[in-house]
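Asker: Attaching a single structure in structure tokens format; questions to follow.
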Amino acid sequence: MICFGYEARGDGTPDVCYYTVSPTGQFTEVVWLVAPVAAMIHDFAVTDNWWFHYKNSFPGHTANAYEDEKGHLVVDLGLSETNVFFWWPDGQGRSPEPSSIRSQLVQFTLDPQAVDLVLPEPKILHQGSSEFYRIDDRFATQPYRHCYFDLMDPELGTDFERIGHKIGGGHPLYNSLAHFDNVTGKTEIYYPGNTHLVQEPVFISRKDSTTEGDGYVMALINNYETMASELHLLDSRDFTRAQAKILLPVRLLHGLHGKWVDGRDIEPSTE
């Protein structure tokens, strides 16, 4: 497991601690770095080396990273030109209007041999406003094809006039789940309904399948008509409709960054 902590020597410090943990729970490597500024480092993707610079932006969650056949580092992530965390205004007290925020899935290609360490503009992989990218983690650090994420598509028909007063504040809203094919460029969309918004998905590989992206996508859904939570399960082979809906008798709080772990990958504890 590869981990990091920022402000690692105390609030406001620029220190970053990078460390790795073995399958047996032992620390195998600990590296201390000093960043140019004290800042929130919310997510990261893994490659072996290198540090590059880019213009002031709001990078979101990473989808994947890998090295291509030319030795370039390829990093796919969400990127916005505005402050996605709009409830935290900048030093001048400014914050964007939430509906104006747009985060897109982009791809940076980093050349370790480049003399100029300022990154070129990224390639936009998906035009929609999206976040919370998930892949088949068996293909992490490799070239990949399938990506699943939350998408806001106002054309789908969400009845914001009806549910708007029930939503409250928080992260910009997403009304659908998307499956993006990185090879064909095609997108499939699952739309749960006009009074529903989606939370972050998780990917579950199909039992005994070794094919990338063959499995299931599961996500909590907020139903603002019933004011209760639902758990929707999608099949990657038939993405646009739910295979199962579990209607919970309660409303759960928003949750983030879950992961499905196959029971076969967990060794029974001897303790």
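By order in the structure tokens, chains are A, B, ...; within a chain, residues start at 1; ligands start at 1, following the order shown.
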Which polymer residues have any atom within 9 Å of an atom of region 225-238 of chain A, counting only C-alpha atoms, with same-chain residues fewer than 3 positions away left out, as a short mmCIF file (atom, residue, chain, number, x, y, z; two decimals) with N, CA and C atoms, in the first residue's frame?

Answerer:
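Just written: out_0.cif:
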```
data_model
loop_
_atom_site.label_atom_id
_atom_site.label_comp_id
_atom_site.auth_asym_id
_atom_site.auth_seq_id
_atom_site.Cartn_x
_atom_site.Cartn_y
_atom_site.Cartn_z
N ARG A 162 -38.09 20.91 -8.07
CA ARG A 162 -38.83 20.07 -7.13
C ARG A 162 -37.99 19.66 -5.93
N ILE A 163 -36.71 19.39 -6.16
CA ILE A 163 -35.87 18.84 -5.09
C ILE A 163 -34.83 19.81 -4.56
N LYS A 166 -34.36 20.63 -0.93
CA LYS A 166 -34.04 19.51 -0.05
C LYS A 166 -32.56 19.13 -0.09
N HIS A 179 -20.04 5.45 -17.88
CA HIS A 179 -18.99 4.50 -18.26
C HIS A 179 -18.33 5.05 -19.51
N TYR A 190 -25.99 5.90 -16.95
CA TYR A 190 -27.09 5.38 -16.14
C TYR A 190 -27.70 6.56 -15.39
N PRO A 192 -30.62 7.49 -12.78
CA PRO A 192 -31.51 6.82 -11.84
C PRO A 192 -32.89 7.43 -11.69
N THR A 195 -35.57 12.67 -9.56
CA THR A 195 -35.46 13.19 -8.18
C THR A 195 -34.27 12.55 -7.46
N HIS A 196 -33.33 12.02 -8.24
CA HIS A 196 -32.21 11.28 -7.68
C HIS A 196 -30.87 11.94 -8.02
N GLY A 213 -12.62 -4.34 -16.80
CA GLY A 213 -13.91 -3.69 -16.79
C GLY A 213 -15.10 -4.63 -16.81
N ASP A 214 -14.88 -5.92 -16.74
CA ASP A 214 -15.98 -6.88 -16.73
C ASP A 214 -16.40 -7.11 -15.29
N GLY A 215 -17.56 -6.59 -14.94
CA GLY A 215 -18.00 -6.72 -13.56
C GLY A 215 -19.22 -5.87 -13.29
N TYR A 216 -19.22 -5.25 -12.13
CA TYR A 216 -20.39 -4.51 -11.67
C TYR A 216 -19.95 -3.15 -11.12
N VAL A 217 -20.86 -2.20 -11.18
CA VAL A 217 -20.64 -0.88 -10.59
C VAL A 217 -21.75 -0.65 -9.57
N MET A 218 -21.37 -0.25 -8.39
CA MET A 218 -22.33 -0.06 -7.31
C MET A 218 -22.18 1.34 -6.73
N ALA A 219 -23.30 1.97 -6.42
CA ALA A 219 -23.25 3.33 -5.86
C ALA A 219 -24.47 3.59 -5.00
N LEU A 220 -24.27 4.40 -3.98
CA LEU A 220 -25.40 4.91 -3.21
C LEU A 220 -26.08 6.02 -4.01
N ILE A 221 -27.40 6.03 -3.95
CA ILE A 221 -28.20 7.01 -4.67
C ILE A 221 -29.04 7.77 -3.66
N ASN A 222 -29.06 9.10 -3.78
CA ASN A 222 -29.92 9.92 -2.93
C ASN A 222 -31.26 10.13 -3.62
N ARG A 241 -29.02 0.36 -17.24
CA ARG A 241 -30.13 0.05 -16.34
C ARG A 241 -29.61 -0.71 -15.13
N ALA A 242 -30.30 -0.54 -14.00
CA ALA A 242 -29.88 -1.20 -12.77
C ALA A 242 -30.32 -2.65 -12.76
N GLN A 243 -29.43 -3.53 -12.32
CA GLN A 243 -29.78 -4.93 -12.15
C GLN A 243 -30.49 -5.15 -10.81
N ALA A 244 -30.20 -4.30 -9.85
CA ALA A 244 -30.82 -4.41 -8.53
C ALA A 244 -30.84 -3.05 -7.87
N LYS A 245 -31.90 -2.80 -7.10
CA LYS A 245 -32.01 -1.59 -6.30
C LYS A 245 -32.40 -2.00 -4.88
N ILE A 246 -31.56 -1.63 -3.93
CA ILE A 246 -31.85 -1.90 -2.53
C ILE A 246 -32.35 -0.60 -1.92
N LEU A 247 -33.62 -0.59 -1.52
CA LEU A 247 -34.24 0.61 -0.96
C LEU A 247 -34.05 0.61 0.55
N LEU A 248 -33.19 1.47 1.02
CA LEU A 248 -32.89 1.51 2.44
C LEU A 248 -33.99 2.28 3.18
N PRO A 249 -34.30 1.88 4.41
CA PRO A 249 -35.36 2.56 5.16
C PRO A 249 -34.90 3.83 5.85
N VAL A 250 -33.68 4.27 5.56
CA VAL A 250 -33.11 5.44 6.21
C VAL A 250 -32.41 6.30 5.18
N ARG A 251 -32.11 7.51 5.56
CA ARG A 251 -31.30 8.40 4.74
C ARG A 251 -29.88 8.42 5.30
N LEU A 252 -28.93 7.96 4.50
CA LEU A 252 -27.54 7.93 4.93
C LEU A 252 -26.85 9.25 4.60
N LEU A 253 -25.86 9.60 5.40
CA LEU A 253 -25.05 10.76 5.09
C LEU A 253 -24.21 10.49 3.85
#
```

Asker: Determine, counting only C-alpha atoms, which protein, DNA and RNA residues have an atom within 9 Å of an atom of region 51-68 of chain A; residues of the same chain fewer than 4 positions away are not included. Present the result as a PDB file with C-alpha atoms, in the first residue's frame.

Answerer:
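Result saved to selection-v6.pdb:
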```
ATOM      1  CA  HIS A  42      -6.177  15.580  -1.766  1.00  0.00           C
ATOM      2  CA  ASP A  43      -5.307  12.673  -4.048  1.00  0.00           C
ATOM      3  CA  PHE A  44      -2.382  11.199  -5.944  1.00  0.00           C
ATOM      4  CA  ALA A  45      -1.426   8.734  -8.648  1.00  0.00           C
ATOM      5  CA  VAL A  46       1.632   6.541  -8.559  1.00  0.00           C
ATOM      6  CA  THR A  47       4.715   6.576 -10.798  1.00  0.00           C
ATOM      7  CA  HIS A  72       6.324   9.176 -20.871  1.00  0.00           C
ATOM      8  CA  LEU A  73       4.238   9.344 -17.713  1.00  0.00           C
ATOM      9  CA  VAL A  74       0.499   9.448 -18.424  1.00  0.00           C
ATOM     10  CA  VAL A  75      -1.808  10.743 -15.679  1.00  0.00           C
ATOM     11  CA  ASP A  76      -5.604  10.911 -16.010  1.00  0.00           C
ATOM     12  CA  LEU A  77      -7.555  13.006 -13.511  1.00  0.00           C
ATOM     13  CA  GLY A  78     -10.342  15.517 -13.033  1.00  0.00           C
ATOM     14  CA  LEU A  79      -9.355  19.163 -13.563  1.00  0.00           C
ATOM     15  CA  SER A  80     -11.232  22.407 -13.016  1.00  0.00           C
ATOM     16  CA  GLU A  81     -10.203  26.021 -13.565  1.00  0.00           C
ATOM     17  CA  THR A  82     -12.349  27.105 -10.620  1.00  0.00           C
ATOM     18  CA  ASN A  83     -12.455  26.311  -6.914  1.00  0.00           C
ATOM     19  CA  VAL A  84     -14.486  23.108  -6.693  1.00  0.00           C
ATOM     20  CA  SER A 103     -14.512  19.479 -13.675  1.00  0.00           C
ATOM     21  CA  LEU A 105     -11.542  14.168 -17.091  1.00  0.00           C
ATOM     22  CA  LEU A 110       4.781  14.055 -18.842  1.00  0.00           C
ATOM     23  CA  PRO A 112      10.849  12.957 -17.991  1.00  0.00           C
ATOM     24  CA  ASP A 116      10.962  22.599 -19.491  1.00  0.00           C
ATOM     25  CA  LEU A 117       9.309  21.160 -16.386  1.00  0.00           C
ATOM     26  CA  VAL A 118       6.110  23.172 -16.937  1.00  0.00           C
ATOM     27  CA  LEU A 119       3.401  20.824 -18.145  1.00  0.00           C
ATOM     28  CA  PRO A 120       1.747  21.323 -21.547  1.00  0.00           C
ATOM     29  CA  GLU A 121      -2.022  21.634 -21.727  1.00  0.00           C
ATOM     30  CA  GLU A 131     -15.689  13.507 -10.751  1.00  0.00           C
ATOM     31  CA  PHE A 132     -14.997  10.450  -8.574  1.00  0.00           C
ATOM     32  CA  TYR A 133     -13.309   8.315 -11.214  1.00  0.00           C
ATOM     33  CA  ARG A 134     -12.993   4.578 -10.708  1.00  0.00           C
ATOM     34  CA  ILE A 135     -11.325   1.902 -12.813  1.00  0.00           C
ATOM     35  CA  ASP A 137      -8.012  -1.604 -10.046  1.00  0.00           C
ATOM     36  CA  PHE A 139      -5.232  -2.476 -14.247  1.00  0.00           C
ATOM     37  CA  ALA A 140      -3.901   0.379 -12.112  1.00  0.00           C
ATOM     38  CA  THR A 141      -0.497   1.698 -13.300  1.00  0.00           C
ATOM     39  CA  GLN A 142      -1.189   0.177 -16.756  1.00  0.00           C
ATOM     40  CA  PRO A 143      -2.799   1.524 -19.927  1.00  0.00           C
ATOM     41  CA  TYR A 144      -6.515   1.020 -19.367  1.00  0.00           C
ATOM     42  CA  CYS A 147     -13.476   4.372 -16.492  1.00  0.00           C
ATOM     43  CA  TYR A 148     -16.580   4.867 -14.344  1.00  0.00           C
TER      44      TYR A 148
END
```

Asker: Near region 151-157 of chain A, within 7 Å and counting only C-alpha atoms, which residues show up once chain neighbours fewer than 3 positions away are dropped, as number ranges by chain?

Answerer: A: 128-131, 173-178, 194

Asker: Excluding Asn182 (chain A) and residues on its chain fewer than 3 positions from it, collect all residues at most 7 Å away from it, counting only C-alpha atoms, and give them as a list in words.

Answerer: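 Contacts, in chain order: Arg145, His146 and Gly185 of chain A.
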
Asker: With C-alpha atoms retained, could you export that selection as a PDB file, in the first residue's frame?

Answerer:
```pdb
ATOM      1  CA  ARG A 145      -9.778   1.193 -21.273  1.00  0.00           C
ATOM      2  CA  HIS A 146     -12.729   1.533 -18.913  1.00  0.00           C
ATOM      3  CA  GLY A 185     -14.415   7.486 -26.860  1.00  0.00           C
TER       4      GLY A 185
END
```

Asker: Determine, counting only C-alpha atoms, which protein, DNA and RNA residues have an atom within 10 Å of an atom of Thr28 (chain A); residues of the same chain fewer than 6 positions away are not included. Present the result as a ChimeraX atom specification.

Answerer: /A:1-2,19-22

Asker: Would you mind exporting N, CA and C atoms of the selected residues as a short mmCIF file (atom, residue, chain, number, x, y, z; two decimals), in the first residue's frame?

Answerer:
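Writing the result to again-v8.cif gives the following:
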```cif
data_model
loop_
_atom_site.label_atom_id
_atom_site.label_comp_id
_atom_site.auth_asym_id
_atom_site.auth_seq_id
_atom_site.Cartn_x
_atom_site.Cartn_y
_atom_site.Cartn_z
N MET A 1 0.85 -1.18 0.00
CA MET A 1 0.00 0.00 0.00
C MET A 1 0.89 1.24 0.00
N ILE A 2 0.54 2.21 -0.83
CA ILE A 2 1.32 3.44 -0.95
C ILE A 2 0.49 4.59 -0.38
N TYR A 19 5.01 7.10 2.28
CA TYR A 19 5.42 5.84 2.90
C TYR A 19 4.69 4.66 2.26
N THR A 20 5.29 3.49 2.39
CA THR A 20 4.70 2.27 1.85
C THR A 20 4.55 1.26 2.98
N VAL A 21 3.51 0.42 2.84
CA VAL A 21 3.20 -0.59 3.86
C VAL A 21 3.08 -1.94 3.16
N SER A 22 3.72 -2.95 3.70
CA SER A 22 3.70 -4.28 3.10
C SER A 22 2.38 -4.98 3.39
#
```

Asker: Residues of region 31-186 of chain A in strand (DSSP E) according to DSSP, as a PyMOL selection string?

Answerer: chain A and resi 31-34+58-67+73-80+104-110+123-126+129-134+146-152+176-181

Asker: Would you export the selected residues with N, CA and C atoms as a short mmCIF file (atom, residue, chain, number, x, y, z; two decimals), in the first residue's frame, please?

Answerer:
```cif
data_model
loop_
_atom_site.label_atom_id
_atom_site.label_comp_id
_atom_site.auth_asym_id
_atom_site.auth_seq_id
_atom_site.Cartn_x
_atom_site.Cartn_y
_atom_site.Cartn_z
N VAL A 31 9.64 8.33 3.22
CA VAL A 31 10.38 9.42 2.59
C VAL A 31 9.73 10.74 2.98
N TRP A 32 10.53 11.67 3.48
CA TRP A 32 10.03 13.01 3.82
C TRP A 32 10.41 13.98 2.71
N LEU A 33 9.43 14.79 2.28
CA LEU A 33 9.64 15.80 1.25
C LEU A 33 9.18 17.15 1.78
N VAL A 34 9.71 18.22 1.22
CA VAL A 34 9.25 19.56 1.55
C VAL A 34 8.68 20.18 0.28
N PHE A 58 -7.54 23.48 -10.18
CA PHE A 58 -8.05 22.62 -9.12
C PHE A 58 -8.05 21.19 -9.62
N PRO A 59 -6.96 20.44 -9.39
CA PRO A 59 -6.97 19.03 -9.79
C PRO A 59 -7.83 18.22 -8.84
N GLY A 60 -8.60 17.31 -9.41
CA GLY A 60 -9.47 16.48 -8.59
C GLY A 60 -8.89 15.10 -8.38
N HIS A 61 -9.77 14.11 -8.38
CA HIS A 61 -9.33 12.74 -8.12
C HIS A 61 -8.71 12.12 -9.38
N THR A 62 -7.73 11.29 -9.16
CA THR A 62 -7.07 10.61 -10.27
C THR A 62 -7.86 9.38 -10.70
N ALA A 63 -7.82 9.10 -12.00
CA ALA A 63 -8.39 7.86 -12.52
C ALA A 63 -7.33 6.78 -12.59
N ASN A 64 -6.17 7.12 -13.17
CA ASN A 64 -5.09 6.14 -13.31
C ASN A 64 -3.83 6.87 -13.75
N ALA A 65 -2.71 6.19 -13.68
CA ALA A 65 -1.43 6.70 -14.19
C ALA A 65 -0.59 5.51 -14.63
N TYR A 66 0.21 5.73 -15.67
CA TYR A 66 1.05 4.65 -16.18
C TYR A 66 2.15 5.25 -17.04
N GLU A 67 3.11 4.43 -17.42
CA GLU A 67 4.18 4.83 -18.33
C GLU A 67 3.92 4.23 -19.70
N LEU A 73 5.17 9.60 -18.80
CA LEU A 73 4.24 9.34 -17.71
C LEU A 73 2.87 9.89 -18.10
N VAL A 74 1.86 9.06 -18.05
CA VAL A 74 0.50 9.45 -18.42
C VAL A 74 -0.35 9.46 -17.16
N VAL A 75 -1.00 10.59 -16.88
CA VAL A 75 -1.81 10.74 -15.68
C VAL A 75 -3.18 11.26 -16.08
N ASP A 76 -4.23 10.52 -15.72
CA ASP A 76 -5.60 10.91 -16.01
C ASP A 76 -6.29 11.33 -14.71
N LEU A 77 -6.93 12.49 -14.72
CA LEU A 77 -7.55 13.01 -13.51
C LEU A 77 -8.60 14.05 -13.86
N GLY A 78 -9.41 14.41 -12.87
CA GLY A 78 -10.34 15.52 -13.03
C GLY A 78 -9.64 16.84 -12.84
N LEU A 79 -10.01 17.86 -13.64
CA LEU A 79 -9.36 19.16 -13.56
C LEU A 79 -10.38 20.26 -13.78
N SER A 80 -10.33 21.26 -12.91
CA SER A 80 -11.23 22.41 -13.02
C SER A 80 -10.42 23.69 -12.94
N GLN A 104 -13.48 18.34 -15.56
CA GLN A 104 -13.45 17.42 -16.69
C GLN A 104 -12.34 16.39 -16.53
N LEU A 105 -12.57 15.20 -17.08
CA LEU A 105 -11.54 14.17 -17.09
C LEU A 105 -10.52 14.50 -18.16
N VAL A 106 -9.27 14.72 -17.75
CA VAL A 106 -8.21 15.11 -18.68
C VAL A 106 -7.02 14.16 -18.55
N GLN A 107 -6.12 14.26 -19.52
CA GLN A 107 -4.93 13.42 -19.53
C GLN A 107 -3.68 14.27 -19.71
N PHE A 108 -2.80 14.23 -18.72
CA PHE A 108 -1.49 14.86 -18.83
C PHE A 108 -0.48 13.82 -19.30
N THR A 109 0.39 14.22 -20.22
CA THR A 109 1.51 13.37 -20.64
C THR A 109 2.80 14.07 -20.26
N LEU A 110 3.58 13.45 -19.40
CA LEU A 110 4.78 14.05 -18.84
C LEU A 110 6.01 13.40 -19.47
N LYS A 123 -4.89 16.80 -22.56
CA LYS A 123 -5.91 16.35 -23.49
C LYS A 123 -7.20 16.11 -22.72
N ILE A 124 -8.31 16.66 -23.22
CA ILE A 124 -9.60 16.43 -22.57
C ILE A 124 -10.13 15.08 -23.04
N LEU A 125 -10.30 14.15 -22.11
CA LEU A 125 -10.80 12.83 -22.46
C LEU A 125 -12.32 12.81 -22.53
N HIS A 126 -12.97 13.54 -21.62
CA HIS A 126 -14.44 13.56 -21.58
C HIS A 126 -14.90 14.98 -21.33
N SER A 129 -19.12 17.37 -17.16
CA SER A 129 -18.70 17.76 -15.82
C SER A 129 -18.76 16.52 -14.94
N SER A 130 -17.60 16.09 -14.44
CA SER A 130 -17.52 14.77 -13.81
C SER A 130 -16.56 14.78 -12.64
N GLU A 131 -16.63 13.71 -11.87
CA GLU A 131 -15.69 13.51 -10.75
C GLU A 131 -15.83 12.07 -10.23
N PHE A 132 -15.00 11.74 -9.26
CA PHE A 132 -15.00 10.45 -8.57
C PHE A 132 -14.79 9.30 -9.55
N TYR A 133 -13.64 9.28 -10.16
CA TYR A 133 -13.31 8.31 -11.21
C TYR A 133 -12.86 6.99 -10.60
N ARG A 134 -13.38 5.91 -11.15
CA ARG A 134 -12.99 4.58 -10.71
C ARG A 134 -12.68 3.71 -11.92
N HIS A 146 -11.42 1.23 -19.48
CA HIS A 146 -12.73 1.53 -18.91
C HIS A 146 -12.61 2.42 -17.67
N CYS A 147 -13.44 3.46 -17.63
CA CYS A 147 -13.48 4.37 -16.49
C CYS A 147 -14.93 4.65 -16.13
N TYR A 148 -15.22 4.63 -14.84
CA TYR A 148 -16.58 4.87 -14.34
C TYR A 148 -16.54 6.09 -13.43
N PHE A 149 -17.58 6.93 -13.50
CA PHE A 149 -17.54 8.15 -12.69
C PHE A 149 -18.93 8.77 -12.56
N ASP A 150 -19.00 9.77 -11.66
CA ASP A 150 -20.21 10.58 -11.51
C ASP A 150 -20.22 11.65 -12.59
N LEU A 151 -21.41 11.92 -13.12
CA LEU A 151 -21.56 12.89 -14.21
C LEU A 151 -22.75 13.79 -13.93
N MET A 152 -22.59 15.07 -14.22
CA MET A 152 -23.74 15.99 -14.20
C MET A 152 -24.11 16.32 -15.64
N SER A 176 -25.99 11.36 -12.52
CA SER A 176 -25.91 10.12 -13.29
C SER A 176 -24.55 9.47 -13.10
N LEU A 177 -24.47 8.20 -13.46
CA LEU A 177 -23.21 7.46 -13.49
C LEU A 177 -22.83 7.23 -14.94
N ALA A 178 -21.54 7.32 -15.24
CA ALA A 178 -21.08 7.19 -16.61
C ALA A 178 -20.02 6.10 -16.73
N HIS A 179 -20.04 5.45 -17.88
CA HIS A 179 -18.99 4.50 -18.26
C HIS A 179 -18.33 5.05 -19.51
N PHE A 180 -17.06 5.41 -19.41
CA PHE A 180 -16.32 5.98 -20.53
C PHE A 180 -15.35 4.94 -21.07
N ASP A 181 -15.41 4.71 -22.39
CA ASP A 181 -14.51 3.79 -23.06
C ASP A 181 -13.34 4.60 -23.61
#
```

Asker: Using Å and a single decimal, report how far CA of Pro96 (chain A) sits from CA of Ala35 (chain A).

Answerer: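 We find that CA of Ala35 (chain A) and CA of Pro96 (chain A) lie 27.0 Å from each other.
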
Asker: Among region 146-236 of chain A, which ones does DSSP assign to alpha helix (DSSP H) (computed from the backbone)? Answer as a list in words.

Answerer: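 Selecting the alpha helix (DSSP H) positions of region 146-236 of chain A gives Phe160, Glu161, Arg162, Ile163, Gly164, His165, Lys166 and Ile167 of chain A.
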
Asker: Okay, now the selection with C-alpha atoms, as a PDB file, in the first residue's frame?

Answerer:
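Once everything was written out, this is result_10.pdb:
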```pdb
ATOM      1  CA  PHE A 160     -34.170  20.716  -9.537  1.00  0.00           C
ATOM      2  CA  GLU A 161     -37.186  22.946  -8.953  1.00  0.00           C
ATOM      3  CA  ARG A 162     -38.829  20.072  -7.132  1.00  0.00           C
ATOM      4  CA  ILE A 163     -35.872  18.838  -5.092  1.00  0.00           C
ATOM      5  CA  GLY A 164     -33.606  21.883  -4.877  1.00  0.00           C
ATOM      6  CA  HIS A 165     -34.765  22.996  -1.437  1.00  0.00           C
ATOM      7  CA  LYS A 166     -34.037  19.509  -0.047  1.00  0.00           C
ATOM      8  CA  ILE A 167     -30.485  19.153  -1.326  1.00  0.00           C
TER       9      ILE A 167
END
```
